[in-house]
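Accompanying notes for the structure given below.
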Amino acid sequence: MTSATDVLVGVATSATASEVVLGAAIAIACMMIAVWAISLVMRDASIVDIAWGSGFVLVAWVSYWLSDGNSTRSLVLTLLTTVWGLRLAFYLAKRNLGHGEDFRYQSMRRKHGNRFAIVSLYLVFGLQGVLMFIVSLPVQLGQVRSEPSFGVLGMLGVFVWGVGIYFEAVGDAQLARFKRDPANKGLVM
């Protein structure tokens, strides 16, 4: 029987796609619950921002391990996602750690008082987990595509990824330089 996933992404078997997607969903849920629990101990929900990038790394590797897709393409997809996700996680960790809880979460904490823990589980960590799942669907399903080779489209994808990661790194450096300049205090780049 052909599933909707098979029709949409052209996978070899529905069980493989289903297992990968389910595995990714379980991994994201476990990660976000763990990060939420850590945030309660730290009294700092902003660690969810750091978890965002590393969550994609987790999804890529879980999907890679569960898939039976083309190994070259799957490995390249996983490695590119890993580099991007770790770059983002380390950048946000360097920027955020030691600066206290982000004003957005402080505001939520004040608004919800004693209910903040449960509210943050759904509105912060749960919502970001759902978004992470949706945004990572190409990584998940890209692991189980039925084409046997990497191909020209794969090489084009690596090129586009390279251009994108370059512009992200340059943008991060420009923003850091802008923020270091005291003349820019209170300004938006």
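Letters A, B, ... mark the chains of the structure tokens in the order given; residue numbers begin at 1 per chain; ligand numbers begin at 1, in order shown.
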
message: Give me the residues near region 23-40 of chain A as a PyMOL selection string, where near means some atom within 8 Å (using only C-alpha atoms) and where sequence neighbours in that chain fewer than 4 positions away do not count.
response: chain A and resi 19+44-48+51+55+58-59+62-63+66+117+120-121+125-126+129+132-133+140

Using the selection just defined, write its residues with N, CA and C atoms as a PDB file, in the first residue's frame.
```pdb
ATOM      1  N   GLU A  19       9.454   5.118   9.718  1.00  0.00           N
ATOM      2  CA  GLU A  19      10.378   4.886  10.831  1.00  0.00           C
ATOM      3  C   GLU A  19      11.303   6.073  11.043  1.00  0.00           C
ATOM      4  N   ASP A  44      16.376  29.488  33.348  1.00  0.00           N
ATOM      5  CA  ASP A  44      16.752  30.212  32.135  1.00  0.00           C
ATOM      6  C   ASP A  44      16.229  29.456  30.911  1.00  0.00           C
ATOM      7  N   ALA A  45      15.087  29.895  30.411  1.00  0.00           N
ATOM      8  CA  ALA A  45      14.481  29.237  29.249  1.00  0.00           C
ATOM      9  C   ALA A  45      15.214  29.563  27.957  1.00  0.00           C
ATOM     10  N   SER A  46      16.131  30.551  27.972  1.00  0.00           N
ATOM     11  CA  SER A  46      16.806  30.909  26.736  1.00  0.00           C
ATOM     12  C   SER A  46      17.748  29.838  26.225  1.00  0.00           C
ATOM     13  N   ILE A  47      18.008  28.804  27.008  1.00  0.00           N
ATOM     14  CA  ILE A  47      18.851  27.725  26.488  1.00  0.00           C
ATOM     15  C   ILE A  47      18.168  27.011  25.328  1.00  0.00           C
ATOM     16  N   VAL A  48      16.875  27.212  25.167  1.00  0.00           N
ATOM     17  CA  VAL A  48      16.169  26.616  24.032  1.00  0.00           C
ATOM     18  C   VAL A  48      16.729  27.152  22.714  1.00  0.00           C
ATOM     19  N   ALA A  51      19.670  25.115  21.881  1.00  0.00           N
ATOM     20  CA  ALA A  51      19.241  23.758  21.520  1.00  0.00           C
ATOM     21  C   ALA A  51      18.700  23.687  20.095  1.00  0.00           C
ATOM     22  N   GLY A  55      19.540  20.578  17.787  1.00  0.00           N
ATOM     23  CA  GLY A  55      18.409  19.693  17.514  1.00  0.00           C
ATOM     24  C   GLY A  55      18.407  19.190  16.081  1.00  0.00           C
ATOM     25  N   LEU A  58      20.914  16.433  15.842  1.00  0.00           N
ATOM     26  CA  LEU A  58      20.322  15.198  16.373  1.00  0.00           C
ATOM     27  C   LEU A  58      19.397  14.550  15.345  1.00  0.00           C
ATOM     28  N   VAL A  59      18.527  15.342  14.744  1.00  0.00           N
ATOM     29  CA  VAL A  59      17.588  14.812  13.745  1.00  0.00           C
ATOM     30  C   VAL A  59      18.343  14.211  12.563  1.00  0.00           C
ATOM     31  N   VAL A  62      19.957  10.841  13.729  1.00  0.00           N
ATOM     32  CA  VAL A  62      18.925   9.818  13.971  1.00  0.00           C
ATOM     33  C   VAL A  62      18.361   9.343  12.633  1.00  0.00           C
ATOM     34  N   SER A  63      18.068  10.279  11.745  1.00  0.00           N
ATOM     35  CA  SER A  63      17.532   9.927  10.425  1.00  0.00           C
ATOM     36  C   SER A  63      18.535   9.100   9.627  1.00  0.00           C
ATOM     37  N   LEU A  66      18.667   5.531  11.032  1.00  0.00           N
ATOM     38  CA  LEU A  66      17.447   4.754  10.812  1.00  0.00           C
ATOM     39  C   LEU A  66      17.168   4.466   9.338  1.00  0.00           C
ATOM     40  N   ALA A 117       6.496  27.166  34.378  1.00  0.00           N
ATOM     41  CA  ALA A 117       7.138  25.891  34.020  1.00  0.00           C
ATOM     42  C   ALA A 117       6.293  25.124  33.009  1.00  0.00           C
ATOM     43  N   SER A 120       5.848  27.158  29.694  1.00  0.00           N
ATOM     44  CA  SER A 120       7.051  27.144  28.855  1.00  0.00           C
ATOM     45  C   SER A 120       7.241  25.792  28.172  1.00  0.00           C
ATOM     46  N   LEU A 121       6.806  24.714  28.818  1.00  0.00           N
ATOM     47  CA  LEU A 121       6.916  23.396  28.183  1.00  0.00           C
ATOM     48  C   LEU A 121       6.165  23.391  26.856  1.00  0.00           C
ATOM     49  N   PHE A 125       9.210  25.282  24.512  1.00  0.00           N
ATOM     50  CA  PHE A 125       9.921  24.065  24.129  1.00  0.00           C
ATOM     51  C   PHE A 125       9.101  23.183  23.194  1.00  0.00           C
ATOM     52  N   GLY A 126       7.827  23.012  23.474  1.00  0.00           N
ATOM     53  CA  GLY A 126       6.977  22.208  22.598  1.00  0.00           C
ATOM     54  C   GLY A 126       6.823  22.831  21.226  1.00  0.00           C
ATOM     55  N   GLY A 129       9.954  22.517  19.312  1.00  0.00           N
ATOM     56  CA  GLY A 129      10.104  21.129  18.885  1.00  0.00           C
ATOM     57  C   GLY A 129       9.271  20.823  17.651  1.00  0.00           C
ATOM     58  N   MET A 132      10.897  22.566  14.758  1.00  0.00           N
ATOM     59  CA  MET A 132      12.114  21.840  14.393  1.00  0.00           C
ATOM     60  C   MET A 132      11.760  20.602  13.563  1.00  0.00           C
ATOM     61  N   PHE A 133      10.724  19.901  13.968  1.00  0.00           N
ATOM     62  CA  PHE A 133      10.287  18.714  13.233  1.00  0.00           C
ATOM     63  C   PHE A 133       9.894  19.088  11.804  1.00  0.00           C
ATOM     64  N   GLN A 140      15.064  14.702   7.115  1.00  0.00           N
ATOM     65  CA  GLN A 140      14.547  13.373   7.458  1.00  0.00           C
ATOM     66  C   GLN A 140      14.241  12.563   6.198  1.00  0.00           C
TER      67      GLN A 140
END
```

Write out as CSV a residue-level contact list of region 133-184 of chain A versus region 94-105 of chain A with cut-off 12 Å: for each qualifying residue the closest pair of atoms and the distance in Å to one decimal, counting only C-alpha atoms, rows sorted by chain and residue number upward.
```
residue,atom,partner,partner_atom,distance
A:Asp172,CA,A:Arg95,CA,10.5
A:Ala173,CA,A:Arg95,CA,11.9
A:Leu175,CA,A:Arg95,CA,11.2
A:Ala176,CA,A:Arg95,CA,9.2
A:Lys179,CA,A:Arg95,CA,11.1
```

Shell of 8 Å around Leu77 (chain A), only C-alpha atoms, local chain residues under 4 positions omitted, as a PyMOL selection string: chain A and resi 60+73+81+139+142-143

Write a file of the just-selected residues containing N, CA and C atoms, as a tab-separated table (two decimals), in the first residue's frame.
```tsv
chain	number	residue	atom	x	y	z
A	60	ALA	N	19.38	14.90	12.09
A	60	ALA	CA	20.14	14.41	10.95
A	60	ALA	C	20.77	13.05	11.24
A	73	ARG	N	24.82	10.09	-0.36
A	73	ARG	CA	23.92	11.23	-0.25
A	73	ARG	C	23.49	11.45	1.20
A	81	THR	N	24.27	19.19	7.52
A	81	THR	CA	23.36	19.60	8.59
A	81	THR	C	24.11	19.73	9.91
A	139	VAL	N	15.50	17.05	5.69
A	139	VAL	CA	16.65	16.25	6.15
A	139	VAL	C	16.19	14.83	6.44
A	142	GLY	N	15.02	13.26	3.08
A	142	GLY	CA	16.14	13.18	2.16
A	142	GLY	C	17.00	11.95	2.40
A	143	GLN	N	16.92	11.40	3.59
A	143	GLN	CA	17.69	10.19	3.92
A	143	GLN	C	17.11	8.94	3.27
```

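Nearest residue to Phe90 (chain A), choosing from A:Ile134, A:Ser67, A:Ser74, A:Asp49 and counting only C-alpha atoms: A:Asp49.
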
So that each row is one residue of region 26-136 of chain A with an atom at most 12 Å from region 163-167 of chain A, can you give its shortest atom pair and the distance in Å to one decimal, using only C-alpha atoms, rows by chain and rising number, as a Markdown table?
```
| residue | atom | partner | partner_atom | distance |
| --- | --- | --- | --- | --- |
| A:Leu80 | CA | A:Ile165 | CA | 9.6 |
| A:Thr81 | CA | A:Ile165 | CA | 10.6 |
| A:Thr82 | CA | A:Ile165 | CA | 11.9 |
| A:Val83 | CA | A:Ile165 | CA | 9.0 |
| A:Trp84 | CA | A:Ile165 | CA | 7.0 |
| A:Gly85 | CA | A:Ile165 | CA | 10.5 |
| A:Leu86 | CA | A:Ile165 | CA | 11.7 |
| A:Arg87 | CA | A:Ile165 | CA | 9.0 |
| A:Leu88 | CA | A:Ile165 | CA | 10.0 |
```

query: At what distance in Å, to one decimal, does CA of Val57 (chain A) lie from CA of Arg145 (chain A)?
result: 19.2 Å

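Closest approach to Ser136 (chain A) among A:Gly171, A:Trp52, A:Ser18, A:Met42: A:Trp52, based on only C-alpha atoms.
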
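Note that the spacing between CA of Trp161 (chain A) and CA of Gly53 (chain A) amounts to 15.5 Å.
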